[in-house]
$ cat coords25.pdb   # PDB, C-alpha atoms
ATOM      1  CA  MET A 162       0.000   0.000   0.000
ATOM      2  CA  SER A 163       1.371   3.352  -0.946
ATOM      3  CA  LEU A 164       2.041   6.377   1.162
ATOM      4  CA  ALA A 165      -0.626   8.183  -0.881
ATOM      5  CA  ALA A 166      -3.216   5.586   0.185
ATOM      6  CA  LEU A 167      -2.280   6.045   3.848
ATOM      7  CA  ALA A 168      -2.479   9.822   3.412
ATOM      8  CA  ALA A 169      -5.951   9.412   1.896
ATOM      9  CA  LEU A 170      -6.999   7.331   4.918
ATOM     10  CA  PHE A 171      -5.585   9.943   7.302
ATOM     11  CA  LEU A 172      -7.337  12.807   5.503
ATOM     12  CA  SER A 173     -10.668  10.980   5.338
ATOM     13  CA  ALA A 174     -10.447  10.205   9.062
ATOM     14  CA  PHE A 175      -9.440  13.786   9.846
ATOM     15  CA  GLY A 176     -12.284  15.220   7.775
ATOM     16  CA  ALA A 177     -14.799  12.787   9.221
ATOM     17  CA  ALA A 178     -14.005  14.051  12.719
ATOM     18  CA  THR A 179     -14.903  17.587  11.741
ATOM     19  CA  LEU A 180     -18.396  18.609  10.757
ATOM     20  CA  LEU A 181     -17.724  17.540   7.154
ATOM     21  CA  PRO A 182     -19.848  14.621   5.921
ATOM     22  CA  LEU A 183     -17.002  12.177   5.227
ATOM     23  CA  GLN A 184     -16.953   8.434   5.878
ATOM     24  CA  SER A 185     -13.568   7.214   7.015
ATOM     25  CA  GLU A 186     -15.030   3.826   7.908
ATOM     26  CA  ALA A 187     -15.630   3.059   4.217
ATOM     27  CA  VAL A 188     -12.039   3.961   3.348
ATOM     28  CA  LEU A 189     -10.643   1.876   6.215
ATOM     29  CA  THR A 190     -12.899  -1.074   5.370
ATOM     30  CA  GLY A 191     -11.691  -1.065   1.757
ATOM     31  CA  MET A 192      -8.064  -0.972   2.825
ATOM     32  CA  LEU A 193      -8.550  -3.725   5.381
ATOM     33  CA  ALA A 194     -10.264  -5.909   2.772
ATOM     34  CA  GLN A 195      -7.269  -5.540   0.431
ATOM     35  CA  ARG A 196      -4.969  -6.925   3.136
ATOM     36  CA  GLU A 197      -2.005  -5.099   1.640
ATOM     37  CA  GLN A 198      -1.053  -3.216   4.792
ATOM     38  CA  GLN A 199      -0.589  -4.255   8.381
ATOM     39  CA  VAL A 200      -3.796  -3.817  10.351
ATOM     40  CA  GLY A 201      -1.978  -1.956  13.131
ATOM     41  CA  VAL A 202      -0.645   0.647  10.701
ATOM     42  CA  LEU A 203      -4.105   1.244   9.244
ATOM     43  CA  LEU A 204      -5.657   1.550  12.709
ATOM     44  CA  LEU A 205      -2.940   3.941  13.843
ATOM     45  CA  VAL A 206      -3.300   6.162  10.765
ATOM     46  CA  ALA A 207      -7.115   6.245  10.930
ATOM     47  CA  THR A 208      -7.200   6.847  14.681
ATOM     48  CA  SER A 209      -4.543   9.566  14.487
ATOM     49  CA  GLY A 210      -6.399  11.412  11.751
ATOM     50  CA  ASN A 211      -9.745  11.128  13.502
ATOM     51  CA  VAL A 212      -8.376  12.232  16.871
ATOM     52  CA  LEU A 213      -6.537  15.163  15.282
ATOM     53  CA  GLY A 214      -9.788  16.263  13.637
ATOM     54  CA  ALA A 215     -11.482  16.110  17.046
ATOM     55  CA  VAL A 216      -8.654  18.227  18.486
ATOM     56  CA  VAL A 217      -9.425  20.859  15.845
ATOM     57  CA  ASN A 218     -13.074  20.802  17.003
ATOM     58  CA  TRP A 219     -11.957  21.159  20.637
ATOM     59  CA  TRP A 220      -9.697  24.075  19.740
ATOM     60  CA  LEU A 221     -12.503  25.784  17.783
ATOM     61  CA  GLY A 222     -14.791  25.281  20.757
ATOM     62  CA  ARG A 223     -12.326  27.051  23.016
ATOM     63  CA  TYR A 224     -12.656  30.217  20.946
ATOM     64  CA  ILE A 225     -16.081  29.991  19.327
ATOM     65  CA  GLU A 226     -18.038  31.860  21.970
ATOM     66  CA  HIS A 227     -16.196  35.034  21.030
ATOM     67  CA  TRP A 228     -18.445  35.178  17.944
ATOM     68  CA  ARG A 229     -21.598  33.810  19.562
ATOM     69  CA  GLU A 230     -23.687  36.982  19.191
ATOM     70  CA  ARG A 231     -22.787  37.577  15.521
ATOM     71  CA  ARG A 232     -25.590  37.334  13.013
ATOM     72  CA  TRP A 233     -23.622  34.926  10.793
ATOM     73  CA  PHE A 234     -22.880  32.537  13.682
ATOM     74  CA  PRO A 235     -24.075  29.093  12.498
ATOM     75  CA  VAL A 236     -25.614  27.920  15.797
ATOM     76  CA  SER A 237     -28.304  29.699  17.770
ATOM     77  CA  GLY A 238     -27.534  30.797  21.285
ATOM     78  CA  ALA A 239     -30.300  28.546  22.582
ATOM     79  CA  ALA A 240     -28.842  25.484  20.828
ATOM     80  CA  LEU A 241     -25.407  26.279  22.213
ATOM     81  CA  ASP A 242     -26.861  26.672  25.703
ATOM     82  CA  ARG A 243     -28.602  23.272  25.403
ATOM     83  CA  ALA A 244     -25.377  21.603  24.273
ATOM     84  CA  GLN A 245     -23.462  23.142  27.155
ATOM     85  CA  ALA A 246     -26.124  22.072  29.670
ATOM     86  CA  SER A 247     -26.043  18.520  28.341
ATOM     87  CA  TYR A 248     -22.253  18.359  28.536
ATOM     88  CA  HIS A 249     -22.350  19.832  32.022
ATOM     89  CA  ARG A 250     -24.890  17.196  33.090
ATOM     90  CA  TYR A 251     -22.988  14.183  31.726
ATOM     91  CA  GLY A 252     -19.446  15.533  32.019
ATOM     92  CA  ARG A 253     -16.230  14.456  30.413
ATOM     93  CA  TRP A 254     -17.252  10.805  30.303
ATOM     94  CA  SER A 255     -19.669  11.686  27.530
ATOM     95  CA  LEU A 256     -16.563  12.019  25.333
ATOM     96  CA  LEU A 257     -16.545   8.222  25.198
ATOM     97  CA  LEU A 258     -19.440   8.739  22.749
ATOM     98  CA  SER A 259     -17.278  10.889  20.464
ATOM     99  CA  TRP A 260     -17.130   7.943  18.035
ATOM    100  CA  ALA A 261     -20.901   8.008  17.502
ATOM    101  CA  PRO A 262     -22.474   9.390  14.340
ATOM    102  CA  ILE A 263     -24.360  12.685  14.567
ATOM    103  CA  ILE A 264     -23.546  13.478  18.219
ATOM    104  CA  GLY A 265     -19.829  12.660  18.360
ATOM    105  CA  ASP A 266     -18.345  15.565  16.410
ATOM    106  CA  PRO A 267     -20.452  18.308  18.022
ATOM    107  CA  LEU A 268     -19.625  16.770  21.405
ATOM    108  CA  THR A 269     -15.919  17.402  20.819
ATOM    109  CA  LEU A 270     -16.684  21.025  19.956
ATOM    110  CA  VAL A 271     -18.765  21.450  23.120
ATOM    111  CA  ALA A 272     -15.912  19.954  25.167
ATOM    112  CA  GLY A 273     -13.774  22.851  23.990
ATOM    113  CA  ILE A 274     -16.486  25.366  24.855
ATOM    114  CA  MET A 275     -16.754  23.819  28.320
ATOM    115  CA  ARG A 276     -12.982  24.139  28.751
ATOM    116  CA  GLU A 277     -12.402  20.409  29.121
ATOM    117  CA  PRO A 278      -8.686  20.019  29.922
ATOM    118  CA  PHE A 279      -6.773  18.973  26.823
ATOM    119  CA  TRP A 280      -5.164  15.827  28.244
ATOM    120  CA  SER A 281      -8.389  14.295  29.553
ATOM    121  CA  PHE A 282     -10.089  15.231  26.268
ATOM    122  CA  LEU A 283      -7.290  13.597  24.263
ATOM    123  CA  ALA A 284      -7.301  10.404  26.341
ATOM    124  CA  LEU A 285     -11.069   9.852  26.247
ATOM    125  CA  VAL A 286     -11.463  10.724  22.565
ATOM    126  CA  SER A 287      -8.510   8.489  21.615
ATOM    127  CA  ILE A 288     -10.051   5.554  23.480
ATOM    128  CA  ALA A 289     -13.443   6.113  21.847
ATOM    129  CA  LYS A 290     -12.273   6.662  18.296
ATOM    130  CA  GLY A 291      -9.547   4.021  18.419
ATOM    131  CA  GLY A 292     -12.015   1.549  19.885
ATOM    132  CA  ARG A 293     -14.491   2.143  17.077
ATOM    133  CA  TYR A 294     -11.851   1.462  14.415
ATOM    134  CA  LEU A 295     -10.631  -1.612  16.310
ATOM    135  CA  VAL A 296     -14.152  -3.084  16.402
ATOM    136  CA  LEU A 297     -14.634  -2.264  12.721
ATOM    137  CA  ALA A 298     -11.365  -4.017  11.828
ATOM    138  CA  ALA A 299     -12.325  -7.071  13.891
ATOM    139  CA  VAL A 300     -15.648  -7.317  12.046
ATOM    140  CA  VAL A 301     -14.086  -6.828   8.585
ATOM    141  CA  LEU A 302     -11.370  -9.401   9.270
ATOM    142  CA  GLY A 303     -13.872 -11.929  10.626
ATOM    143  CA  LEU A 304     -12.493 -11.875  14.152
ATOM    144  CA  LEU A 305     -15.788 -10.635  15.514
ATOM    145  CA  ARG A 306     -19.144 -11.770  14.232
ATOM    146  CA  TRP A 307     -21.811  -9.119  13.993
TER     147      TRP A 307
END

$ encode --input "coords25.pdb" --output "structure tokens"
Amino acid sequence: MSLAALAALFLSAFGAATLLPLQSEAVLTGMLAQREQQVGVLLLVATSGNVLGAVVNWWLGRYIEHWRERRWFPVSGAALDRAQASYHRYGRWSLLLSWAPIIGDPLTLVAGIMREPFWSFLALVSIAKGGRYLVLAAVVLGLLRW
């Protein structure tokens, strides 16, 4: 497998962790099915890209409230308040759901808004996102029956 293919996996995983509608799981599944690269390398590349994308969300969250009252701001104040209240209620452990579709990416943004410390954010998000890719690989390789 070429370096370009690994870069494509990294970029798809990175983009999928942002609010872009990308599917890194499809890219990883295709690469796993080809069996041309070590599984560990693919999991490391996908997890690294996805976690780095989540870090971008966290960083944006740290600074997003500065523009909260602007007319062009993409989220209403009420929606932002609801997200903050939910995060406050469930706390940092909710980051273990950062792998989940629909709620996972906004959750990483809210963690930044709520000033979640970087190291706890990084640890929990890495466990969640790495775990998702590990389960996916186990299913694709027939090690885990669905």

$ residues_around --input "coords25.pdb" --residues "range 178-180 of chain A" --least-positions-apart "6" --cutoff "6 Å" --atoms "all atoms listed in the file" --output "list in words"
Asn211, Gly214, Ala215 and Asp266 of chain A

$ write_last_selection --input "coords25.pdb" --atoms "C-alpha atoms" --output "short mmCIF file (atom, residue, chain, number, x, y, z; two decimals), in the frame of the given file"
data_model
loop_
_atom_site.label_atom_id
_atom_site.label_comp_id
_atom_site.auth_asym_id
_atom_site.auth_seq_id
_atom_site.Cartn_x
_atom_site.Cartn_y
_atom_site.Cartn_z
CA ASN A 211 -9.74 11.13 13.50
CA GLY A 214 -9.79 16.26 13.64
CA ALA A 215 -11.48 16.11 17.05
CA ASP A 266 -18.34 15.56 16.41
#

$ atom_distance --input "coords25.pdb" --atom1 "CA of Ala165 in chain A" --atom2 "CA of Val188 in chain A"
12.9 Å

$ residues_around --input "coords25.pdb" --residues "Arg253 in chain A" --least-positions-apart "4" --cutoff "12 Å" --atoms "only C-alpha atoms" --output "JSON list (two decimals) with C-alpha atoms, in the coordinates of the input"
[["chain", "number", "residue", "atom", "x", "y", "z"],
["A", 245, "GLN", "CA", -23.46, 23.14, 27.16],
["A", 247, "SER", "CA", -26.04, 18.52, 28.34],
["A", 248, "TYR", "CA", -22.25, 18.36, 28.54],
["A", 249, "HIS", "CA", -22.35, 19.83, 32.02],
["A", 257, "LEU", "CA", -16.55, 8.22, 25.20],
["A", 258, "LEU", "CA", -19.44, 8.74, 22.75],
["A", 259, "SER", "CA", -17.28, 10.89, 20.46],
["A", 268, "LEU", "CA", -19.62, 16.77, 21.40],
["A", 269, "THR", "CA", -15.92, 17.40, 20.82],
["A", 271, "VAL", "CA", -18.76, 21.45, 23.12],
["A", 272, "ALA", "CA", -15.91, 19.95, 25.17],
["A", 273, "GLY", "CA", -13.77, 22.85, 23.99],
["A", 275, "MET", "CA", -16.75, 23.82, 28.32],
["A", 276, "ARG", "CA", -12.98, 24.14, 28.75],
["A", 277, "GLU", "CA", -12.40, 20.41, 29.12],
["A", 278, "PRO", "CA", -8.69, 20.02, 29.92],
["A", 279, "PHE", "CA", -6.77, 18.97, 26.82],
["A", 280, "TRP", "CA", -5.16, 15.83, 28.24],
["A", 281, "SER", "CA", -8.39, 14.30, 29.55],
["A", 282, "PHE", "CA", -10.09, 15.23, 26.27],
["A", 283, "LEU", "CA", -7.29, 13.60, 24.26],
["A", 284, "ALA", "CA", -7.30, 10.40, 26.34],
["A", 285, "LEU", "CA", -11.07, 9.85, 26.25],
["A", 286, "VAL", "CA", -11.46, 10.72, 22.56]]

$ residues_around --input "coords25.pdb" --residues "Leu205 in chain A" --least-positions-apart "6" --cutoff "10 Å" --atoms "only C-alpha atoms" --output "MDAnalysis selection string"
chainID A and resid 171 211 291 294:295

$ residues_around --input "coords25.pdb" --residues "Leu183 in chain A" --least-positions-apart "5" --cutoff "10 Å" --atoms "all atoms listed in the file" --output "list of chain:residue names"
A:Leu172, A:Ser173, A:Ala174, A:Phe175, A:Gly176, A:Ala177, A:Ala178, A:Val188

$ write_last_selection --input "coords25.pdb" --atoms "C-alpha atoms" --output "compact mmCIF listing (two decimals), keeping the file's coordinate frame"
# COMPACT_ATOMS: atom_id res chain seq x y z
CA LEU A 172 -7.34 12.81 5.50
CA SER A 173 -10.67 10.98 5.34
CA ALA A 174 -10.45 10.20 9.06
CA PHE A 175 -9.44 13.79 9.85
CA GLY A 176 -12.28 15.22 7.78
CA ALA A 177 -14.80 12.79 9.22
CA ALA A 178 -14.00 14.05 12.72
CA VAL A 188 -12.04 3.96 3.35

$ atom_distance --input "coords25.pdb" --atom1 "CA of Pro267 in chain A" --atom2 "CA of Asn218 in chain A"
7.9 Å

$ residues_around --input "coords25.pdb" --residues "Leu193 in chain A" --least-positions-apart "6" --cutoff "9 Å" --atoms "only C-alpha atoms" --output "PDB file with C-alpha atoms, in the coordinates of the input"
ATOM      1  CA  GLN A 199      -0.589  -4.255   8.381  1.00  0.00           C
ATOM      2  CA  VAL A 200      -3.796  -3.817  10.351  1.00  0.00           C
ATOM      3  CA  LEU A 203      -4.105   1.244   9.244  1.00  0.00           C
ATOM      4  CA  ALA A 298     -11.365  -4.017  11.828  1.00  0.00           C
ATOM      5  CA  VAL A 301     -14.086  -6.828   8.585  1.00  0.00           C
ATOM      6  CA  LEU A 302     -11.370  -9.401   9.270  1.00  0.00           C
TER       7      LEU A 302
END

$ closest_residue --input "coords25.pdb" --among "A:Ala168, A:Ile274, A:Ala289, A:Ala261" --to "Arg229 in chain A" --atoms "all atoms listed in the file"
A:Ile274

$ atom_distance --input "coords25.pdb" --atom1 "CA of Leu256 in chain A" --atom2 "CA of Trp219 in chain A"
11.3 Å

$ closest_residue --input "coords25.pdb" --among "A:Leu297, A:Val212, A:Ala246, A:Leu221" --to "Met192 in chain A" --atoms "all atoms listed in the file"
A:Leu297

$ closest_residue --input "coords25.pdb" --among "A:Ile264, A:Leu204, A:Leu304, A:Phe234" --to "Gly292 in chain A" --atoms "all atoms listed in the file"
A:Leu204

$ axis_aligned_box --input "coords25.pdb" --around "range 255-266 of chain A" --padding-each-side "5 Å" --output "lines of an AutoDock Vina configuration file"
center_x = -20.5
center_y = 11.8
center_z = 20.9
size_x = 17.8
size_y = 17.6
size_z = 23.2

$ closest_residue --input "coords25.pdb" --among "A:Ala169, A:Leu213, A:Ala240, A:Trp260" --to "Gly191 in chain A" --atoms "all atoms listed in the file"
A:Ala169

$ build_atoms --input "coords25.pdb" --residues "range 181-209 of chain A" --atoms "N, CA and C atoms" --output "tab-separated table (two decimals), in the coordinates of the input"
chain	number	residue	atom	x	y	z
A	181	LEU	N	-17.58	17.92	8.56
A	181	LEU	CA	-17.72	17.54	7.15
A	181	LEU	C	-18.36	16.15	7.06
A	182	PRO	N	-19.18	15.93	6.06
A	182	PRO	CA	-19.85	14.62	5.92
A	182	PRO	C	-18.97	13.60	5.19
A	183	LEU	N	-17.90	13.18	5.82
A	183	LEU	CA	-17.00	12.18	5.23
A	183	LEU	C	-17.15	10.86	5.98
A	184	GLN	N	-16.82	9.77	5.29
A	184	GLN	CA	-16.95	8.43	5.88
A	184	GLN	C	-15.61	7.72	5.88
A	185	SER	N	-14.86	7.87	6.93
A	185	SER	CA	-13.57	7.21	7.02
A	185	SER	C	-13.71	5.70	7.17
A	186	GLU	N	-14.84	5.26	7.71
A	186	GLU	CA	-15.03	3.83	7.91
A	186	GLU	C	-15.03	3.09	6.58
A	187	ALA	N	-15.61	3.70	5.54
A	187	ALA	CA	-15.63	3.06	4.22
A	187	ALA	C	-14.22	2.94	3.65
A	188	VAL	N	-13.42	3.98	3.84
A	188	VAL	CA	-12.04	3.96	3.35
A	188	VAL	C	-11.24	2.89	4.09
A	189	LEU	N	-11.36	2.87	5.41
A	189	LEU	CA	-10.64	1.88	6.22
A	189	LEU	C	-11.08	0.46	5.86
A	190	THR	N	-12.39	0.25	5.72
A	190	THR	CA	-12.90	-1.07	5.37
A	190	THR	C	-12.31	-1.56	4.05
A	191	GLY	N	-12.27	-0.69	3.05
A	191	GLY	CA	-11.69	-1.06	1.76
A	191	GLY	C	-10.23	-1.44	1.87
A	192	MET	N	-9.49	-0.68	2.66
A	192	MET	CA	-8.06	-0.97	2.82
A	192	MET	C	-7.84	-2.25	3.61
A	193	LEU	N	-8.67	-2.49	4.62
A	193	LEU	CA	-8.55	-3.72	5.38
A	193	LEU	C	-8.86	-4.93	4.50
A	194	ALA	N	-9.87	-4.81	3.65
A	194	ALA	CA	-10.26	-5.91	2.77
A	194	ALA	C	-9.17	-6.26	1.77
A	195	GLN	N	-8.36	-5.28	1.37
A	195	GLN	CA	-7.27	-5.54	0.43
A	195	GLN	C	-6.13	-6.33	1.07
A	196	ARG	N	-6.01	-6.22	2.37
A	196	ARG	CA	-4.97	-6.92	3.14
A	196	ARG	C	-3.56	-6.69	2.59
A	197	GLU	N	-3.33	-5.46	2.16
A	197	GLU	CA	-2.00	-5.10	1.64
A	197	GLU	C	-1.16	-4.37	2.68
A	198	GLN	N	-1.76	-3.98	3.77
A	198	GLN	CA	-1.05	-3.22	4.79
A	198	GLN	C	-1.34	-3.85	6.14
A	199	GLN	N	-0.39	-3.72	7.05
A	199	GLN	CA	-0.59	-4.26	8.38
A	199	GLN	C	-1.78	-3.56	9.04
A	200	VAL	N	-2.59	-4.33	9.71
A	200	VAL	CA	-3.80	-3.82	10.35
A	200	VAL	C	-3.44	-2.73	11.36
A	201	GLY	N	-2.40	-2.94	12.13
A	201	GLY	CA	-1.98	-1.96	13.13
A	201	GLY	C	-1.64	-0.61	12.53
A	202	VAL	N	-0.99	-0.61	11.38
A	202	VAL	CA	-0.64	0.65	10.70
A	202	VAL	C	-1.92	1.37	10.27
A	203	LEU	N	-2.85	0.64	9.68
A	203	LEU	CA	-4.11	1.24	9.24
A	203	LEU	C	-4.88	1.81	10.43
A	204	LEU	N	-4.94	1.07	11.53
A	204	LEU	CA	-5.66	1.55	12.71
A	204	LEU	C	-4.99	2.79	13.30
A	205	LEU	N	-3.67	2.79	13.32
A	205	LEU	CA	-2.94	3.94	13.84
A	205	LEU	C	-3.17	5.19	12.98
A	206	VAL	N	-3.10	5.03	11.67
A	206	VAL	CA	-3.30	6.16	10.76
A	206	VAL	C	-4.72	6.70	10.88
A	207	ALA	N	-5.71	5.82	10.85
A	207	ALA	CA	-7.12	6.24	10.93
A	207	ALA	C	-7.41	6.90	12.28
A	208	THR	N	-6.95	6.29	13.35
A	208	THR	CA	-7.20	6.85	14.68
A	208	THR	C	-6.50	8.19	14.84
A	209	SER	N	-5.28	8.30	14.38
A	209	SER	CA	-4.54	9.57	14.49
A	209	SER	C	-5.25	10.68	13.74
